[in-house]
Amino acid sequence: MFFRLIDIKKSYQGGSQKTLVLKGINLDINEGSFISFVGASGAGKSTLLLILAGLLRPTSGELYFDSKKLTRLSDKEWSFIRKQYIGIIFQKKIFIPHLKVYENIITPLSFITDLSGRGFDDGRVEDLMETFDLKAHRNKYPEELSGGELQRMMIVRSLVTGPKILLADEPTGDLDLENSKEIIHILKKINKKGLTIVMVTHNKELALQARNIYRIDKGEIAKLIK
Amino acid sequence: MELRTDKINLFWLSRKGLFRFKTWFVLKVVVLFLWGFVILNSYSLYLSQPRLFQASISNKFMFFLFLLLNFIFFVFFMALTILTFKLRQVEFGLYRCSGATRREIITLMFNESLMLTLISFGLLFFFEIIFIYFFRLEIAGLFKVSYDLRFTLGMAKNFLLSLVLVFILLMVCYFPLAVYYSCKDPYEIVRY
Ligand SMILES: Nc1ncnc2c1ncn2[C@@H]1O[C@H](COP(=O)(O)OP(=O)(O)OP(=O)(O)O)[C@@H](O)[C@H]1O
Ligand SMILES: [Mg+2]
């Protein structure tokens, strides 16, 4: 067992109105699993993923990681956990426009090892760039990439730190089905090597590629049988 | 759960961050240099010749000019600073999401502020020495004293004191802004 969520609730305060977005999520995420969340827009998928990443605090409920209670950890302790275990692909296309593709990819490494002495594992970066077919684009700026290449850049960036779990919010973005399948295919291969993956997607067909599928509907979670 | 304790070379990283925007960096150094020059020399004058300083300040035009120059440089410097921080916000957000603590980011920004001021001051110091050397007779004449070693030492002391003043001033305007921009909740950056 890796992550355990017990009765996680989350409400957003919008003005004077409070909306309950997650209404008590119970879920176990096992090490090495490949999970996908499907659900309508606004169902709370991204909210759940951001809670797993520690970037958003649940309103109530408990979150455990390796039997360590995370719910009341300080910002600093969460930072350590993110640094060591978690890779994130955001739904929003986030990149640094004034840095080249390679430099964008290694930003998460800045605080992990000594960048000066070529201290980080450059081999992993190169391998990942090879796997995701980005080698030819390393000296381009993100704005010069196609949508699919940009998406792959963000995937590689989430993996360079060697996380144990990948939280991927629409990792295929708005790519066509062919390209999306290609990306999922690679993710599946990485999953086989031991990386736990939690993926959010709109697309049922892509979701089916995962081993476990959950539907999030109006803040509640239900397991779908393939 | 064991935690990785790799040492991070924040100094190197901050140097990198500082030079990344070369044009902005040069502009900031230039503005700091000119601003420092105005403050430094007025303060130095105030320390060595308070009456002469008061006499020039009591001249309305001089006083106005002094305020105006300071204001312009201040506005320029702050605008440049805020713009670069805004540009770098995503970068800070990504650092935070991949495990940098608030404290590490603040240290990074502190290093950057420090380096920026040291570079500008290095230049300023160098320039002042040349300036004083070439105009030593005129300066001595202005202060109605003879040019000797005591005069030179006095100038040097005042100069150093002024340097400390400008340094504090800079850290007071640059560093809090750096903290403000680097410590925003990463959630705000990664979310729509
Ligand atoms: N910061 C916020 N303040 C107020 N309401 C929010 C905030 N963030 C999200 N919400 C609301 O919470 C609900 C769930 O949002 P979330 O982003 O988790 O949905 P989602 O399932 O990821 O949707 P999509 O598939 O469109 O990305 C939405 O109705 C949204 O309007
Ligand atoms: Mg979403």
# chains A, B, ... in the order shown; residues from 1 in each chain; ligands from 1
$ residues_near_ligand --ligand "ligand 1" --cutoff "10 Å" --atoms "only C-alpha atoms and all ligand atoms" --output "compact mmCIF listing (two decimals) with N, CA, C and O atoms, in the first residue's frame"
# COMPACT_ATOMS: atom_id res chain seq x y z
N LYS A 10 -13.44 17.92 0.38
CA LYS A 10 -12.86 19.22 0.04
C LYS A 10 -13.96 20.17 -0.37
O LYS A 10 -14.78 19.85 -1.24
N SER A 11 -13.98 21.31 0.25
CA SER A 11 -14.94 22.31 -0.21
C SER A 11 -14.18 23.60 -0.54
O SER A 11 -13.16 23.91 0.05
N TYR A 12 -14.69 24.30 -1.52
CA TYR A 12 -14.10 25.58 -1.91
C TYR A 12 -15.00 26.69 -1.42
O TYR A 12 -16.22 26.60 -1.48
N GLN A 13 -14.35 27.72 -0.96
CA GLN A 13 -15.09 28.88 -0.50
C GLN A 13 -15.14 29.90 -1.65
O GLN A 13 -14.11 30.45 -2.03
N GLY A 14 -16.31 30.06 -2.23
CA GLY A 14 -16.44 31.06 -3.30
C GLY A 14 -17.33 32.19 -2.83
O GLY A 14 -18.53 32.06 -2.84
N GLY A 15 -16.72 33.27 -2.41
CA GLY A 15 -17.50 34.38 -1.85
C GLY A 15 -18.10 33.94 -0.53
O GLY A 15 -17.40 33.46 0.35
N GLN A 17 -20.41 31.65 -0.53
CA GLN A 17 -20.93 30.31 -0.80
C GLN A 17 -19.86 29.24 -0.68
O GLN A 17 -18.72 29.42 -1.12
N LYS A 18 -20.21 28.13 -0.10
CA LYS A 18 -19.28 27.03 0.08
C LYS A 18 -19.76 25.87 -0.78
O LYS A 18 -20.89 25.45 -0.68
N THR A 19 -18.86 25.38 -1.66
CA THR A 19 -19.28 24.23 -2.46
C THR A 19 -18.44 23.02 -2.11
O THR A 19 -17.22 23.09 -2.11
N LEU A 20 -19.12 21.94 -1.83
CA LEU A 20 -18.45 20.69 -1.50
C LEU A 20 -18.10 19.99 -2.81
O LEU A 20 -18.99 19.58 -3.56
N VAL A 21 -16.81 19.89 -3.10
CA VAL A 21 -16.39 19.30 -4.36
C VAL A 21 -16.09 17.82 -4.22
O VAL A 21 -16.47 17.00 -5.06
N LEU A 22 -15.40 17.45 -3.15
CA LEU A 22 -15.19 16.03 -2.88
C LEU A 22 -15.98 15.66 -1.63
O LEU A 22 -15.85 16.29 -0.59
N PHE A 37 -8.53 8.05 -13.35
CA PHE A 37 -9.76 8.68 -12.90
C PHE A 37 -10.48 9.23 -14.12
O PHE A 37 -9.88 9.97 -14.90
N VAL A 38 -11.72 8.86 -14.28
CA VAL A 38 -12.52 9.50 -15.32
C VAL A 38 -13.67 10.24 -14.65
O VAL A 38 -13.95 10.03 -13.48
N GLY A 39 -14.30 11.09 -15.40
CA GLY A 39 -15.42 11.81 -14.83
C GLY A 39 -15.66 13.09 -15.60
O GLY A 39 -14.80 13.56 -16.34
N ALA A 40 -16.85 13.62 -15.41
CA ALA A 40 -17.24 14.82 -16.15
C ALA A 40 -16.38 16.01 -15.72
O ALA A 40 -15.72 15.97 -14.68
N SER A 41 -16.42 17.02 -16.53
CA SER A 41 -15.71 18.24 -16.20
C SER A 41 -16.29 18.85 -14.93
O SER A 41 -17.51 18.90 -14.77
N GLY A 42 -15.42 19.21 -14.03
CA GLY A 42 -15.88 19.81 -12.77
C GLY A 42 -16.22 18.79 -11.70
O GLY A 42 -16.72 19.13 -10.64
N ALA A 43 -15.92 17.51 -11.97
CA ALA A 43 -16.27 16.47 -11.01
C ALA A 43 -15.35 16.47 -9.79
O ALA A 43 -15.70 15.93 -8.75
N GLY A 44 -14.18 17.05 -9.94
CA GLY A 44 -13.25 17.11 -8.82
C GLY A 44 -12.00 16.28 -9.00
O GLY A 44 -11.27 16.02 -8.05
N LYS A 45 -11.72 15.89 -10.25
CA LYS A 45 -10.54 15.03 -10.52
C LYS A 45 -9.24 15.75 -10.21
O LYS A 45 -8.37 15.23 -9.49
N SER A 46 -9.11 16.96 -10.74
CA SER A 46 -7.87 17.71 -10.49
C SER A 46 -7.71 18.04 -9.02
O SER A 46 -6.60 17.99 -8.47
N THR A 47 -8.82 18.36 -8.39
CA THR A 47 -8.79 18.65 -6.96
C THR A 47 -8.21 17.48 -6.19
O THR A 47 -7.32 17.65 -5.35
N LEU A 48 -8.66 16.27 -6.53
CA LEU A 48 -8.17 15.08 -5.85
C LEU A 48 -6.68 14.88 -6.09
O LEU A 48 -5.91 14.56 -5.17
N LEU A 49 -6.26 15.10 -7.32
CA LEU A 49 -4.85 14.92 -7.66
C LEU A 49 -3.97 15.93 -6.91
O LEU A 49 -2.89 15.58 -6.42
N LEU A 50 -4.44 17.16 -6.82
CA LEU A 50 -3.66 18.19 -6.13
C LEU A 50 -3.59 17.91 -4.63
O LEU A 50 -2.61 18.26 -3.97
N ILE A 51 -4.61 17.26 -4.12
CA ILE A 51 -4.57 16.87 -2.70
C ILE A 51 -3.51 15.79 -2.50
O ILE A 51 -2.73 15.83 -1.55
N LEU A 56 -2.75 21.05 -2.19
CA LEU A 56 -4.06 21.51 -1.73
C LEU A 56 -4.40 20.70 -0.49
O LEU A 56 -4.15 19.50 -0.45
N GLN A 91 -2.57 19.91 -15.23
CA GLN A 91 -3.54 20.04 -16.33
C GLN A 91 -3.22 21.31 -17.13
O GLN A 91 -3.30 21.32 -18.35
N LYS A 92 -2.85 22.34 -16.41
CA LYS A 92 -2.48 23.59 -17.06
C LYS A 92 -1.11 23.41 -17.70
O LYS A 92 -0.23 22.79 -17.11
N ASP A 169 -2.30 14.75 -14.62
CA ASP A 169 -3.61 15.33 -14.92
C ASP A 169 -3.70 15.57 -16.42
O ASP A 169 -3.07 16.48 -16.95
N GLU A 170 -4.44 14.76 -17.09
CA GLU A 170 -4.58 14.81 -18.55
C GLU A 170 -3.21 14.84 -19.23
O GLU A 170 -2.88 15.81 -19.92
N VAL A 200 -5.42 11.20 -14.72
CA VAL A 200 -6.76 11.73 -14.92
C VAL A 200 -6.98 11.87 -16.41
O VAL A 200 -6.08 12.31 -17.13
N THR A 201 -8.12 11.45 -16.89
CA THR A 201 -8.38 11.65 -18.32
C THR A 201 -9.87 11.82 -18.59
O THR A 201 -10.72 11.35 -17.84
N HIS A 202 -10.16 12.50 -19.66
CA HIS A 202 -11.54 12.64 -20.09
C HIS A 202 -11.97 11.44 -20.91
O HIS A 202 -13.13 11.09 -20.98
N ILE A 216 -15.14 9.43 -11.07
CA ILE A 216 -15.47 10.43 -10.06
C ILE A 216 -16.68 11.19 -10.56
O ILE A 216 -16.67 11.73 -11.66
N ASP A 217 -17.71 11.12 -9.76
CA ASP A 217 -18.96 11.73 -10.20
C ASP A 217 -19.54 12.55 -9.06
O ASP A 217 -19.81 12.00 -7.99
N LYS A 218 -19.70 13.81 -9.29
CA LYS A 218 -20.25 14.72 -8.28
C LYS A 218 -19.57 14.54 -6.92
O LYS A 218 -20.22 14.49 -5.88
N GLY A 219 -18.27 14.39 -6.95
CA GLY A 219 -17.51 14.33 -5.70
C GLY A 219 -17.48 12.98 -5.04
O GLY A 219 -16.97 12.83 -3.93
N TYR B 187 0.07 26.39 -5.49
CA TYR B 187 -1.26 26.03 -6.01
C TYR B 187 -1.80 27.11 -6.94
O TYR B 187 -2.38 26.81 -7.98
N GLU B 188 -1.58 28.37 -6.55
CA GLU B 188 -2.08 29.47 -7.38
C GLU B 188 -1.45 29.47 -8.77
O GLU B 188 -2.02 29.97 -9.73
N ARG B 191 -2.67 26.11 -10.95
CA ARG B 191 -4.10 26.00 -11.17
C ARG B 191 -4.55 27.06 -12.16
O ARG B 191 -3.91 28.06 -12.34
N TYR B 192 -5.68 26.84 -12.77
CA TYR B 192 -6.21 27.84 -13.70
C TYR B 192 -6.56 29.12 -12.98
O TYR B 192 -6.95 29.10 -11.86
$ interface_residues --of "chain A" --to "chain B" --cutoff "6 Å" --atoms "only C-alpha atoms" --output "PDB file with all heavy atoms, in the first residue's frame"
ATOM      1  N   LEU A  55      -0.485  19.864  -2.670  1.00  0.00           N
ATOM      2  CA  LEU A  55      -0.545  21.266  -3.066  1.00  0.00           C
ATOM      3  C   LEU A  55      -1.858  21.895  -2.622  1.00  0.00           C
ATOM      4  O   LEU A  55      -2.047  23.103  -2.709  1.00  0.00           O
ATOM      5  CB  LEU A  55      -0.383  21.395  -4.586  1.00  0.00           C
ATOM      6  CG  LEU A  55       1.000  20.994  -5.096  1.00  0.00           C
ATOM      7  CD1 LEU A  55       1.015  20.878  -6.608  1.00  0.00           C
ATOM      8  CD2 LEU A  55       2.049  21.998  -4.636  1.00  0.00           C
ATOM      9  N   LYS A  76       7.025  22.334   4.900  1.00  0.00           N
ATOM     10  CA  LYS A  76       8.393  21.852   4.682  1.00  0.00           C
ATOM     11  C   LYS A  76       8.425  20.332   4.514  1.00  0.00           C
ATOM     12  O   LYS A  76       9.084  19.803   3.624  1.00  0.00           O
ATOM     13  CB  LYS A  76       9.247  22.270   5.877  1.00  0.00           C
ATOM     14  CG  LYS A  76      10.712  21.990   5.683  1.00  0.00           C
ATOM     15  CD  LYS A  76      11.494  22.424   6.895  1.00  0.00           C
ATOM     16  CE  LYS A  76      12.906  21.882   6.811  1.00  0.00           C
ATOM     17  NZ  LYS A  76      13.625  22.097   8.065  1.00  0.00           N
ATOM     18  N   SER A  79       7.170  19.359   1.222  1.00  0.00           N
ATOM     19  CA  SER A  79       8.184  19.612   0.201  1.00  0.00           C
ATOM     20  C   SER A  79       9.128  18.430   0.085  1.00  0.00           C
ATOM     21  O   SER A  79       9.468  18.009  -1.025  1.00  0.00           O
ATOM     22  CB  SER A  79       8.992  20.867   0.546  1.00  0.00           C
ATOM     23  OG  SER A  79       8.169  21.990   0.521  1.00  0.00           O
ATOM     24  N   PHE A  80       9.528  17.894   1.232  1.00  0.00           N
ATOM     25  CA  PHE A  80      10.431  16.746   1.202  1.00  0.00           C
ATOM     26  C   PHE A  80       9.785  15.554   0.515  1.00  0.00           C
ATOM     27  O   PHE A  80      10.425  14.845  -0.256  1.00  0.00           O
ATOM     28  CB  PHE A  80      10.834  16.355   2.626  1.00  0.00           C
ATOM     29  CG  PHE A  80      12.025  17.119   3.119  1.00  0.00           C
ATOM     30  CD1 PHE A  80      11.931  17.915   4.240  1.00  0.00           C
ATOM     31  CD2 PHE A  80      13.236  17.055   2.444  1.00  0.00           C
ATOM     32  CE1 PHE A  80      13.024  18.637   4.694  1.00  0.00           C
ATOM     33  CE2 PHE A  80      14.339  17.770   2.892  1.00  0.00           C
ATOM     34  CZ  PHE A  80      14.227  18.555   4.020  1.00  0.00           C
ATOM     35  N   ARG A  82       7.376  15.608  -1.707  1.00  0.00           N
ATOM     36  CA  ARG A  82       7.297  15.862  -3.155  1.00  0.00           C
ATOM     37  C   ARG A  82       8.654  15.651  -3.805  1.00  0.00           C
ATOM     38  O   ARG A  82       8.762  15.079  -4.890  1.00  0.00           O
ATOM     39  CB  ARG A  82       6.805  17.280  -3.420  1.00  0.00           C
ATOM     40  CG  ARG A  82       5.306  17.411  -3.363  1.00  0.00           C
ATOM     41  CD  ARG A  82       4.863  18.661  -4.088  1.00  0.00           C
ATOM     42  NE  ARG A  82       5.342  19.859  -3.443  1.00  0.00           N
ATOM     43  CZ  ARG A  82       4.703  20.484  -2.458  1.00  0.00           C
ATOM     44  NH1 ARG A  82       3.557  20.027  -2.026  1.00  0.00           N
ATOM     45  NH2 ARG A  82       5.209  21.575  -1.928  1.00  0.00           N
ATOM     46  N   LYS A  83       9.674  16.128  -3.149  1.00  0.00           N
ATOM     47  CA  LYS A  83      11.013  16.039  -3.709  1.00  0.00           C
ATOM     48  C   LYS A  83      11.418  14.582  -3.930  1.00  0.00           C
ATOM     49  O   LYS A  83      11.989  14.222  -4.932  1.00  0.00           O
ATOM     50  CB  LYS A  83      11.980  16.715  -2.741  1.00  0.00           C
ATOM     51  CG  LYS A  83      13.399  16.792  -3.233  1.00  0.00           C
ATOM     52  CD  LYS A  83      14.305  17.322  -2.138  1.00  0.00           C
ATOM     53  CE  LYS A  83      14.732  18.729  -2.411  1.00  0.00           C
ATOM     54  NZ  LYS A  83      15.747  19.228  -1.503  1.00  0.00           N
ATOM     55  N   PRO A 108      13.112  20.817 -12.266  1.00  0.00           N
ATOM     56  CA  PRO A 108      12.831  20.166 -10.981  1.00  0.00           C
ATOM     57  C   PRO A 108      14.094  19.658 -10.297  1.00  0.00           C
ATOM     58  O   PRO A 108      14.082  19.374  -9.108  1.00  0.00           O
ATOM     59  CB  PRO A 108      11.930  18.984 -11.365  1.00  0.00           C
ATOM     60  CG  PRO A 108      11.375  19.326 -12.685  1.00  0.00           C
ATOM     61  CD  PRO A 108      12.426  20.119 -13.379  1.00  0.00           C
ATOM     62  N   PHE A 111      16.704  21.858  -7.201  1.00  0.00           N
ATOM     63  CA  PHE A 111      16.798  21.805  -5.745  1.00  0.00           C
ATOM     64  C   PHE A 111      17.070  20.395  -5.242  1.00  0.00           C
ATOM     65  O   PHE A 111      16.940  20.113  -4.079  1.00  0.00           O
ATOM     66  CB  PHE A 111      15.521  22.357  -5.112  1.00  0.00           C
ATOM     67  CG  PHE A 111      15.492  23.837  -5.152  1.00  0.00           C
ATOM     68  CD1 PHE A 111      15.071  24.515  -6.277  1.00  0.00           C
ATOM     69  CD2 PHE A 111      15.958  24.573  -4.073  1.00  0.00           C
ATOM     70  CE1 PHE A 111      15.081  25.888  -6.321  1.00  0.00           C
ATOM     71  CE2 PHE A 111      15.973  25.946  -4.107  1.00  0.00           C
ATOM     72  CZ  PHE A 111      15.532  26.609  -5.227  1.00  0.00           C
ATOM     73  N   THR A 113      19.863  18.198  -6.580  1.00  0.00           N
ATOM     74  CA  THR A 113      21.293  17.973  -6.432  1.00  0.00           C
ATOM     75  C   THR A 113      22.036  19.209  -6.873  1.00  0.00           C
ATOM     76  O   THR A 113      21.464  20.136  -7.407  1.00  0.00           O
ATOM     77  CB  THR A 113      21.779  16.802  -7.297  1.00  0.00           C
ATOM     78  OG1 THR A 113      21.281  17.021  -8.603  1.00  0.00           O
ATOM     79  CG2 THR A 113      21.313  15.480  -6.767  1.00  0.00           C
ATOM     80  N   ASP A 114      23.267  19.167  -6.674  1.00  0.00           N
ATOM     81  CA  ASP A 114      24.138  20.259  -7.032  1.00  0.00           C
ATOM     82  C   ASP A 114      24.241  20.344  -8.560  1.00  0.00           C
ATOM     83  O   ASP A 114      24.834  19.487  -9.191  1.00  0.00           O
ATOM     84  CB  ASP A 114      25.479  19.957  -6.410  1.00  0.00           C
ATOM     85  CG  ASP A 114      26.505  20.984  -6.764  1.00  0.00           C
ATOM     86  OD1 ASP A 114      26.209  21.860  -7.567  1.00  0.00           O
ATOM     87  OD2 ASP A 114      27.595  20.891  -6.228  1.00  0.00           O
TER      88      ASP A 114
END
$ residues_around --residues "B:Arg15" --least-positions-apart "5" --cutoff "10 Å" --atoms "only C-alpha atoms" --output "PyMOL selection string"
chain B and resi 10+20+108+111-112+115-116
$ atom_distance --atom1 "atom CA of A:Phe65" --atom2 "atom CA of A:Arg157"
23.1 Å
$ atom_distance --atom1 "atom CA of A:Thr196" --atom2 "atom CA of A:Pro142"
27.5 Å
$ residues_around --residues "B:Leu34" --least-positions-apart "5" --cutoff "9 Å" --atoms "only C-alpha atoms" --output "PyMOL selection string"
chain B and resi 29+39+73+124
